[in-house]
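Visitor: Here you go, one structure.
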Amino acid sequence: MSTPRELARVRTLAEIRRLAWEHLEQHGAAALSLRAIARELGIVSSAIYRYVPSRDDLLTLLITEGYRDLADDVERALADLPGGEAAPGRVQWLTASHALRSWAIRRPAAWSLLYGSPVPGYSAPPQETTPEGTRVVLRLGAILSAALARGEVAAVVGPLSGGPALPTALAAELRVIGGDVEGGLDEDVAPAAVAQVIAGWTALLGAVSSEVFGQLGRDPLGEPEVFARVQLATIADAVGLRDLERAP
């Protein structure tokens, strides 16, 4: 059973994170200040270091929390999908894509922290941020892997598409990455399939970031939701996920 002191520490840490997100939304990550948060907490600035050793540690907490919250949203959307993992791969991919976009629209400051410009003077420790930070892309990899096994994917990269083989060194790196995908990928197609996932992932990041950061204008084509459906469907096409309802 937790002691009163331990419970008080948990509550204080939660309040620090809450205030940090507020500061992030108002002033941006580069201006995040432990001293300012301490003032709002009503404690002396030196006391906050008992909970968070440095600004960098606080940023790491926020980044990890942001990745976790995003991945949880995507997983919930997939869990609510009729048919679950038995649903067509394209449907699963688009469900995850729209959940990702919705989260980014709802939490633009958090999206910026995760996928925007690097914070000056800060480097995220991969051992702490990678497990949560790769959950969504690995989930997309698992979706594509299962769809590939069911014959739902039209190959668009390398040997899968009848094109030239991937360079040996690149193929080896992609094969290692493919080993992290849940369920694994067939040895013969792993490099090309992983390349397709990465291409789709980077396209998703670019599409969502363009909207969140206003690079499409204030109101793209007058109907941002409609445009987003077209854009995300185009990315699913590019990844090779066939629309089974329209397939001959």
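Residue numbers start at 1 in each chain; chains themselves are named A, B, ... in the order of the structure tokens; ligands are numbered from 1 in the order shown.
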Residues near segment 78-95 of chain A, anyone? I mean within 8 Å using only C-alpha atoms, not counting same-chain ones fewer than 5 positions away, as a PyMOL selection string.
Guide: chain A and resi 140+143-144+146-147+152+232-233+236+241-244
Visitor: Can you list, as JSON, numbers by chain, every protein, DNA or RNA residue that comes within 12 Å of Tyr67 of chain A when you count only C-alpha atoms, leaving out same-chain residues fewer than 2 positions away?
Guide: {"A": [60, 61, 62, 63, 64, 65, 69, 70, 71, 72, 73, 74, 100, 103, 104, 107, 110, 111, 112, 113, 114, 115, 128, 129, 130, 131, 132, 133, 134, 135, 136, 137]}
Visitor: Select from segment 106-236 of chain A everything DSSP, run on the backbone, classes as helix (DSSP H, G or I), then give the selection as number ranges by chain.
Guide: A: 106, 108-115, 126-133, 135-149, 158-161, 168-178, 190-212, 220-222, 224-236
Visitor: Nearest to Ile198 of chain A: which of A:Ala20, A:Ile105, A:Leu174, A:Ala99 is it, counting only C-alpha atoms?
Guide: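 The answer is A:Leu174, which sits nearest to Ile198 of chain A.
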Visitor: What is the distance between atom CA of Ala199 of chain A and atom CA of Thr234 of chain A, in Å to one decimal?
Guide: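 Atom CA of Thr234 of chain A lies at a distance of 12.5 Å from atom CA of Ala199 of chain A.
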Visitor: In Å, rounded to a single decimal, give me how far atom CA of Arg55 of chain A is from atom CA of Leu34 of chain A.
Guide: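 Result for atom CA of Leu34 of chain A versus atom CA of Arg55 of chain A: 6.2 Å, one decimal.
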Visitor: Can you tell me, as number ranges by chain, what residues are no more than 10 Å from Ser33 of chain A when counting only C-alpha atoms, ignoring any on the same chain fewer than 5 positions away?
Guide: A: 20, 23-24, 27, 38, 54-55, 58
Visitor: Keeping N, CA, C and O atoms, export the residues of the selection given above as a PDB file, in the first residue's frame.
Guide:
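Heads up, here's the output in again39.pdb:
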```
ATOM      1  N   ALA A  20       2.905  21.636 -17.207  1.00  0.00           N
ATOM      2  CA  ALA A  20       3.879  21.640 -18.300  1.00  0.00           C
ATOM      3  C   ALA A  20       3.174  21.614 -19.647  1.00  0.00           C
ATOM      4  O   ALA A  20       3.573  22.316 -20.586  1.00  0.00           O
ATOM      5  N   HIS A  23       1.840  25.070 -20.314  1.00  0.00           N
ATOM      6  CA  HIS A  23       2.919  25.976 -20.726  1.00  0.00           C
ATOM      7  C   HIS A  23       3.338  25.679 -22.160  1.00  0.00           C
ATOM      8  O   HIS A  23       3.625  26.594 -22.941  1.00  0.00           O
ATOM      9  N   LEU A  24       3.376  24.405 -22.489  1.00  0.00           N
ATOM     10  CA  LEU A  24       3.761  24.005 -23.845  1.00  0.00           C
ATOM     11  C   LEU A  24       2.777  24.562 -24.864  1.00  0.00           C
ATOM     12  O   LEU A  24       3.169  25.085 -25.909  1.00  0.00           O
ATOM     13  N   HIS A  27       3.310  28.593 -24.786  1.00  0.00           N
ATOM     14  CA  HIS A  27       4.606  29.213 -25.082  1.00  0.00           C
ATOM     15  C   HIS A  27       5.532  28.387 -25.968  1.00  0.00           C
ATOM     16  O   HIS A  27       6.557  28.896 -26.421  1.00  0.00           O
ATOM     17  N   ALA A  38       7.133  25.876 -11.099  1.00  0.00           N
ATOM     18  CA  ALA A  38       7.234  25.916  -9.640  1.00  0.00           C
ATOM     19  C   ALA A  38       6.446  27.096  -9.078  1.00  0.00           C
ATOM     20  O   ALA A  38       5.762  26.967  -8.046  1.00  0.00           O
ATOM     21  N   SER A  54      15.506  17.968 -14.241  1.00  0.00           N
ATOM     22  CA  SER A  54      15.893  19.007 -15.189  1.00  0.00           C
ATOM     23  C   SER A  54      14.776  19.237 -16.200  1.00  0.00           C
ATOM     24  O   SER A  54      13.830  18.441 -16.306  1.00  0.00           O
ATOM     25  N   ARG A  55      14.902  20.321 -16.967  1.00  0.00           N
ATOM     26  CA  ARG A  55      13.952  20.578 -18.048  1.00  0.00           C
ATOM     27  C   ARG A  55      13.946  19.436 -19.052  1.00  0.00           C
ATOM     28  O   ARG A  55      12.897  19.029 -19.562  1.00  0.00           O
ATOM     29  N   LEU A  58      11.867  16.641 -17.883  1.00  0.00           N
ATOM     30  CA  LEU A  58      10.452  16.962 -18.020  1.00  0.00           C
ATOM     31  C   LEU A  58      10.000  16.791 -19.473  1.00  0.00           C
ATOM     32  O   LEU A  58       8.936  16.231 -19.747  1.00  0.00           O
TER      33      LEU A  58
END
```
Visitor: Counting only C-alpha atoms, figure out which residue out of A:Leu204, A:Ala228, A:Ala193, A:Leu59 gets nearest to Ser123 of chain A.
Guide: A:Leu59
Visitor: May I ask for the distance between atom CA of Val10 of chain A and atom CA of Tyr49 of chain A, given in Å to one decimal place?
Guide: 14.4 Å
Visitor: Which one is closest to Gly28 of chain A: A:Ala142, A:Ala109, A:Ile43, A:Leu170? Count only C-alpha atoms.
Guide: A:Ala109
